[in-house]
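So the structure is just underneath, and the comments pick up after that.
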2 protein chains.
Amino acid sequence: MSKCLVAQSGGPSSVINATVAGIVKANQMNPLYDRVLGGLNGIEGILQERFVDLTDMSDEEHRILRQTPSSALGSCRYKLKRSNSEDFEKIFAILEKNDIEVLFYIGGNDSMDTVAALSEYAARNNISNRRFIGCPKTIDNDLMHIDHAPGFGSAAKFIATTALQCWLDVNVYPASRKEVFIMETMGRDAGWLAASACLSGIVDILIVPEKPFDKDLFLSRVKECIEQTSKCFVVVSEGAHYLDGTYIKAGEAKNDLFGHAVLGGAGKTLEQMILEAGVCSRCKVQDLSTAQRCHASEQSGTDVTESYRLGISAHMRSANPAFTGRMVSIRRKEGEEYDTEYFDIEADQVANYVRNFPENWLLPDYRGITEEAEKYLRPLIQGSQALIMKDGLPAYIRPYYMK
Amino acid sequence: MSKCLVAQSGGPSSVINATVAGIVKANQMNPLYDRVLGGLNGIEGILQERFVDLTDMSDEEHRILRQTPSSALGSCRYKLKRSNSEDFEKIFAILEKNDIEVLFYIGGNDSMDTVAALSEYAARNNISNRRFIGCPKTIDNDLMHIDHAPGFGSAAKFIATTALQCWLDVNVYPASRKEVFIMETMGRDAGWLAASACLSGIVDILIVPEKPFDKDLFLSRVKECIEQTSKCFVVVSEGAHYLDGTYIKAGEAKNDLFGHAVLGGAGKTLEQMILEAGVCSRCKVQDLSTAQRCHASEQSGTDVTESYRLGISAHMRSANPAFTGRMVSIRRKEGEEYDTEYFDIEADQVANYVRNFPENWLLPDYRGITEEAEKYLRPLIQGSQALIMKDGLPAYIRPYYMK
């Protein structure tokens, strides 16, 4: 019997480990594979044969892994280029040497491109016993062909919860103290995360990349809020920009290895705008920064369960010896009550595309989101699980790459 | 039968409402007062006779109030000056008009000064039927004559939890990616909040106001960490400063109405230092900002219970007609197991002092805290309560000042 390998890539999330836990548990329930190996630091570690054995994970470790945020197997930003045949040859040699038939790769659209590239290579070279299966994750919720990406629901729940809590904080002082509170979320190209703050019901102004930024309109809306209630609660995506594509954040944005702009600072720029225009003399900025993708205290029950089941579903589907180059996915069923079904799709249909927040889900003048948007978002933040605690803090798995 | 009045002041916390809930519930269990009024926006609202009636709060509202962060009665930063006799005369006239015998005032050391000033005024003018009782709160934990301040434990739990989660996040990339993560906490004069991050067990470098900042030592420690593990996790108090008192944060600090410096930005300044010195080319800063004092998702069970009991204890002690000008407080009992007892102390012994983090609880070279410090801190973050949820988010009381 051959082995399978599971690895993680891209930016972590609060529930990405639940997919690993699902694959391991599925193999314990139905041992399709002799061993379940964990590849450390994604493709980068696989190229170095850095593996751990997860096959016999205890049920306690399994439960703690499900609640542990960030990538317990480590991640990478290594870009597997189709032109670099050396990398491909090396990977296939390592898989053969270790008798690994299936690689489950958990990640976002860059990772789905890796899954597509590896399976194309296998097909081109008539290699049928090395297969590649994608499991989706991204807090950004910008993946195509999935109702919502695992990881998003928990990030959305953290953002909406924190928005509500900060709003309670910023309002405590009397009306004589006029104040603007600006919360900045992640979201390079898509406004899903910022929009989810509106689930708190307290957002006055929402600025997302899908709606070009108009400084005058923005300032007049802030002025209106301050005049009406003396406070104004603004939520902005880091990737929000003007009509010509210039980011709100002042100064030049650097690019990362994938050619994506490194953002952050939109909130501070809006603060400066408000102060300079004299619209309000008091501003506070809360940049949610790293916390929004790892603050597992707000793991959504729906999110962690679906992420877990995607792992199980991927393992089950892999029993079909022709199953490769595909991503497991979630579809929302028709009907009033929230329910989902699992399916799979070509990984290259997901790779390198971005799904935006629908423009017709945005209210005019930055006033937030429509009821339809809320109806889509609300089920994704439902439920929570009782956390296993240790010494007053949540119990988390020590990352496997540190063991 | 006369009335009592409860009001809140200063910066909010995650458990300041539990003290209000305790006073209201105590009066339901033993109606010393005909009505329990809530004063809106502290002294400032009391001067405007802005009251709500809390006497008959339902048990459900009471339970939700206990889990609601921030000041549900609103707050103020109004400084009652002893020289301003007009304010004193007005307050006493309003109390008399409304037949209010006792004011419970929940706040930090500025608020205890208000309690002291009002009771001094009463004594000086032979007014025995207006009494003033202080209930402590401050996330900063810098109050004198109390083992720890209500609000601190929950903030500490949030900070330690978030530190642990962010550390898991920052470590996911391979050793080839060297990175410094800097978390900035509140703490103008005292390092309690920053120090509590060390409960996570992952802090490499801790910079607090109690230990003068030495740039060379700091940079050499960062270098050491990066060389050893390729990552470095730094926690810094906003109020950390050089030996001569200059704050780490570059530029001039503004002062607030109380003459306290408005801080924030120490993390960004450290980042700049590291980048300029070429010690590491990649830095991330997470400023916990407002979230650390309102993120009630991490309410510590110990904290919320003690805050609640302080409210009950204050109400009970107020049955003594000579009880005025005092603050209810908590003392830690001797012994291995954590346990506390309640007592009271002159409010003016608390007012306007600051209790620092003990210097002998700091390890040399910014290496964190001693075992003794951990032994003090650990019990304060224990326990949590099942939250009442609504639509996927924690259920919170709509602030009374908005009703």
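So you can find residues: chains in the structure tokens are A, B, ... in the order shown, residues in each start at 1, and ligands are numbered from 1 in order.
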
Write out as an MDAnalysis selection string all residues of segment 40-269 of chain A that backbone DSSP assigns to alpha helix (DSSP H).
-> chainID A and resid 42:46 59:67 85:97 109:124 152:170 192:196 215:229 266:269

Got a sec: who's within 8 Å of segment 315-332 of chain A, counting only C-alpha atoms, leaving out chain neighbours fewer than 2 positions off, as a ChimeraX atom specification?
-> /A:23,26-27,32,102,112,115-116,118-120,128-129,131-136,145-148,310-313,334,338-348

DSSP strand (DSSP E) selection over segment 240-381 of chain A, as a ChimeraX atom specification | /A:254-255,261-262,283-287,326-332,340-346

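Non-sequential neighbours of Glu49 of chain B (distance at most 12 Å, separation of 4 or more positions within a chain, only C-alpha atoms) are Leu5, Ala7, Leu37, Gly38, Gly39, Leu40, Asn41, Gly42, Ile43, Glu44, Gly45, Lys90, Ile91, Phe92, Ala93, Ile94, Leu95, Glu96, Lys97, Asn98 and Ile100 of chain B.
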
Can you spit out the residues from that selection as a PDB file, in the first residue's frame, using C-alpha atoms?
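Output file again-v9.pdb is given in full below:
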```
ATOM      1  CA  LEU B   5     -26.588  55.797  41.965  1.00  0.00           C
ATOM      2  CA  ALA B   7     -21.694  55.420  37.398  1.00  0.00           C
ATOM      3  CA  LEU B  37     -30.130  54.581  39.249  1.00  0.00           C
ATOM      4  CA  GLY B  38     -27.440  54.541  36.593  1.00  0.00           C
ATOM      5  CA  GLY B  39     -25.663  57.832  36.007  1.00  0.00           C
ATOM      6  CA  LEU B  40     -24.770  58.302  32.346  1.00  0.00           C
ATOM      7  CA  ASN B  41     -21.247  59.390  31.357  1.00  0.00           C
ATOM      8  CA  GLY B  42     -19.907  59.507  34.895  1.00  0.00           C
ATOM      9  CA  ILE B  43     -19.687  62.776  36.788  1.00  0.00           C
ATOM     10  CA  GLU B  44     -20.289  64.696  33.585  1.00  0.00           C
ATOM     11  CA  GLY B  45     -23.757  63.155  33.146  1.00  0.00           C
ATOM     12  CA  LYS B  90     -24.345  71.313  42.014  1.00  0.00           C
ATOM     13  CA  ILE B  91     -23.649  67.617  42.536  1.00  0.00           C
ATOM     14  CA  PHE B  92     -24.855  67.708  46.132  1.00  0.00           C
ATOM     15  CA  ALA B  93     -27.979  69.625  45.098  1.00  0.00           C
ATOM     16  CA  ILE B  94     -28.741  67.036  42.428  1.00  0.00           C
ATOM     17  CA  LEU B  95     -28.184  64.156  44.852  1.00  0.00           C
ATOM     18  CA  GLU B  96     -30.493  65.807  47.376  1.00  0.00           C
ATOM     19  CA  LYS B  97     -33.151  66.602  44.797  1.00  0.00           C
ATOM     20  CA  ASN B  98     -33.185  62.955  43.641  1.00  0.00           C
ATOM     21  CA  ILE B 100     -29.682  59.735  46.292  1.00  0.00           C
TER      22      ILE B 100
END
```

Do you know which residues are at most 8 Å from segment 60-63 of chain A counting only C-alpha atoms, after dropping those on the same chain fewer than 4 positions away, and could you put them as a PyMOL selection string?
-> chain A and resi 21+25+67+397

Produce a file of the selected residues containing C-alpha atoms, as a PDB file, in the first residue's frame.
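Saved file out.pdb follows:
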```pdb
ATOM      1  CA  ALA A  21      -7.153  16.701  10.871  1.00  0.00           C
ATOM      2  CA  LYS A  25      -8.990  10.981  10.677  1.00  0.00           C
ATOM      3  CA  GLN A  67      -8.753  24.291  17.187  1.00  0.00           C
ATOM      4  CA  ILE A 397      -0.498  21.945  18.845  1.00  0.00           C
TER       5      ILE A 397
END
```

Among the residues B:Gly239, B:Gly335, B:Pro358, B:Gly74, the one that comes closest to chain A [using only C-alpha atoms] =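 Of all the options, B:Gly74 lies closest to chain A.
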
Which residues of chain A are close to chain B, meaning at most 6 Å apart when you count only C-alpha atoms, and how do they look as a PyMOL selection string?
-> chain A and resi 70+74-76+165+168-169+172-173+294+381-382+392

Taking C-alpha atoms for each residue, export the selection above as a short mmCIF file (atom, residue, chain, number, x, y, z; two decimals), in the first residue's frame.
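Output saved as result_3.cif:
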```
data_model
loop_
_atom_site.label_atom_id
_atom_site.label_comp_id
_atom_site.auth_asym_id
_atom_site.auth_seq_id
_atom_site.Cartn_x
_atom_site.Cartn_y
_atom_site.Cartn_z
CA SER A 70 -2.13 28.89 11.56
CA GLY A 74 4.28 25.29 8.09
CA SER A 75 3.74 27.16 4.89
CA CYS A 76 5.71 28.55 1.99
CA GLN A 165 -16.62 45.52 20.73
CA LEU A 168 -19.00 49.89 22.25
CA ASP A 169 -15.65 51.29 23.34
CA VAL A 172 -18.59 55.63 25.80
CA TYR A 173 -17.66 59.29 25.87
CA CYS A 294 -5.08 33.61 13.34
CA ILE A 381 -20.17 32.87 11.32
CA GLN A 382 -22.61 30.63 13.19
CA GLY A 392 -5.78 29.70 31.06
#
```

Could you name the residues that touch Lys223 of chain B at 12 Å or less, counting only C-alpha atoms, but leaving out those on the same chain fewer than 5 positions away, as a PDB file with C-alpha atoms, in the first residue's frame?
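Below is the file that was written, around-v8.pdb:
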```pdb
ATOM      1  CA  LYS B 178      13.847  35.833   8.713  1.00  0.00           C
ATOM      2  CA  GLU B 179      11.204  37.915  10.404  1.00  0.00           C
ATOM      3  CA  VAL B 180      10.601  40.059  13.478  1.00  0.00           C
ATOM      4  CA  ASP B 204      11.635  36.591  23.006  1.00  0.00           C
ATOM      5  CA  ILE B 205      11.965  40.254  23.969  1.00  0.00           C
ATOM      6  CA  ASP B 216      22.054  48.723  21.323  1.00  0.00           C
ATOM      7  CA  LEU B 217      21.060  46.002  23.750  1.00  0.00           C
ATOM      8  CA  PHE B 218      17.687  45.678  22.045  1.00  0.00           C
ATOM      9  CA  GLN B 228      19.206  31.299  16.492  1.00  0.00           C
ATOM     10  CA  THR B 229      15.699  30.651  15.164  1.00  0.00           C
ATOM     11  CA  SER B 230      15.262  33.043  12.204  1.00  0.00           C
ATOM     12  CA  LYS B 231      12.277  34.619  13.966  1.00  0.00           C
ATOM     13  CA  CYS B 232      11.971  37.082  16.841  1.00  0.00           C
ATOM     14  CA  PHE B 233       8.835  37.924  18.821  1.00  0.00           C
ATOM     15  CA  ILE B 274      15.550  47.199  13.117  1.00  0.00           C
ATOM     16  CA  LEU B 275      15.230  47.961   9.417  1.00  0.00           C
ATOM     17  CA  ALA B 277      20.227  48.863  11.524  1.00  0.00           C
ATOM     18  CA  GLY B 278      19.936  46.084   8.940  1.00  0.00           C
ATOM     19  CA  VAL B 279      19.371  43.505  11.683  1.00  0.00           C
ATOM     20  CA  CYS B 280      16.432  41.998   9.797  1.00  0.00           C
ATOM     21  CA  SER B 281      14.797  43.090   6.581  1.00  0.00           C
TER      22      SER B 281
END
```

Write out as a list in words the residues lying within 9 Å of Asp56 of chain B, counting only C-alpha atoms and excluding same-chain residues fewer than 6 positions away.
->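 Neighbouring residues, sequence-local ones excluded: Val24, Gln28, Arg35 and Val36 of chain B.
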
Please provide as a ChimeraX atom specification all residues within 7 Å of Phe152 of chain B, with the sequence filter that same-chain residues fewer than 4 positions apart are discarded (counting only C-alpha atoms).
-> /B:138-141,156

Those residues you just picked out, can you put them in a file as a PDB file, in the first residue's frame with C-alpha atoms?
```
ATOM      1  CA  THR B 138      -8.387  49.408  35.087  1.00  0.00           C
ATOM      2  CA  ILE B 139      -6.875  47.135  32.501  1.00  0.00           C
ATOM      3  CA  ASP B 140      -3.502  48.740  33.325  1.00  0.00           C
ATOM      4  CA  ASN B 141      -3.327  46.990  36.726  1.00  0.00           C
ATOM      5  CA  ALA B 156      -4.013  39.940  29.956  1.00  0.00           C
TER       6      ALA B 156
END
```

Computed gap from atom CA of Leu65 of chain B to atom CA of Ala314 of chain B is 18.1 Å
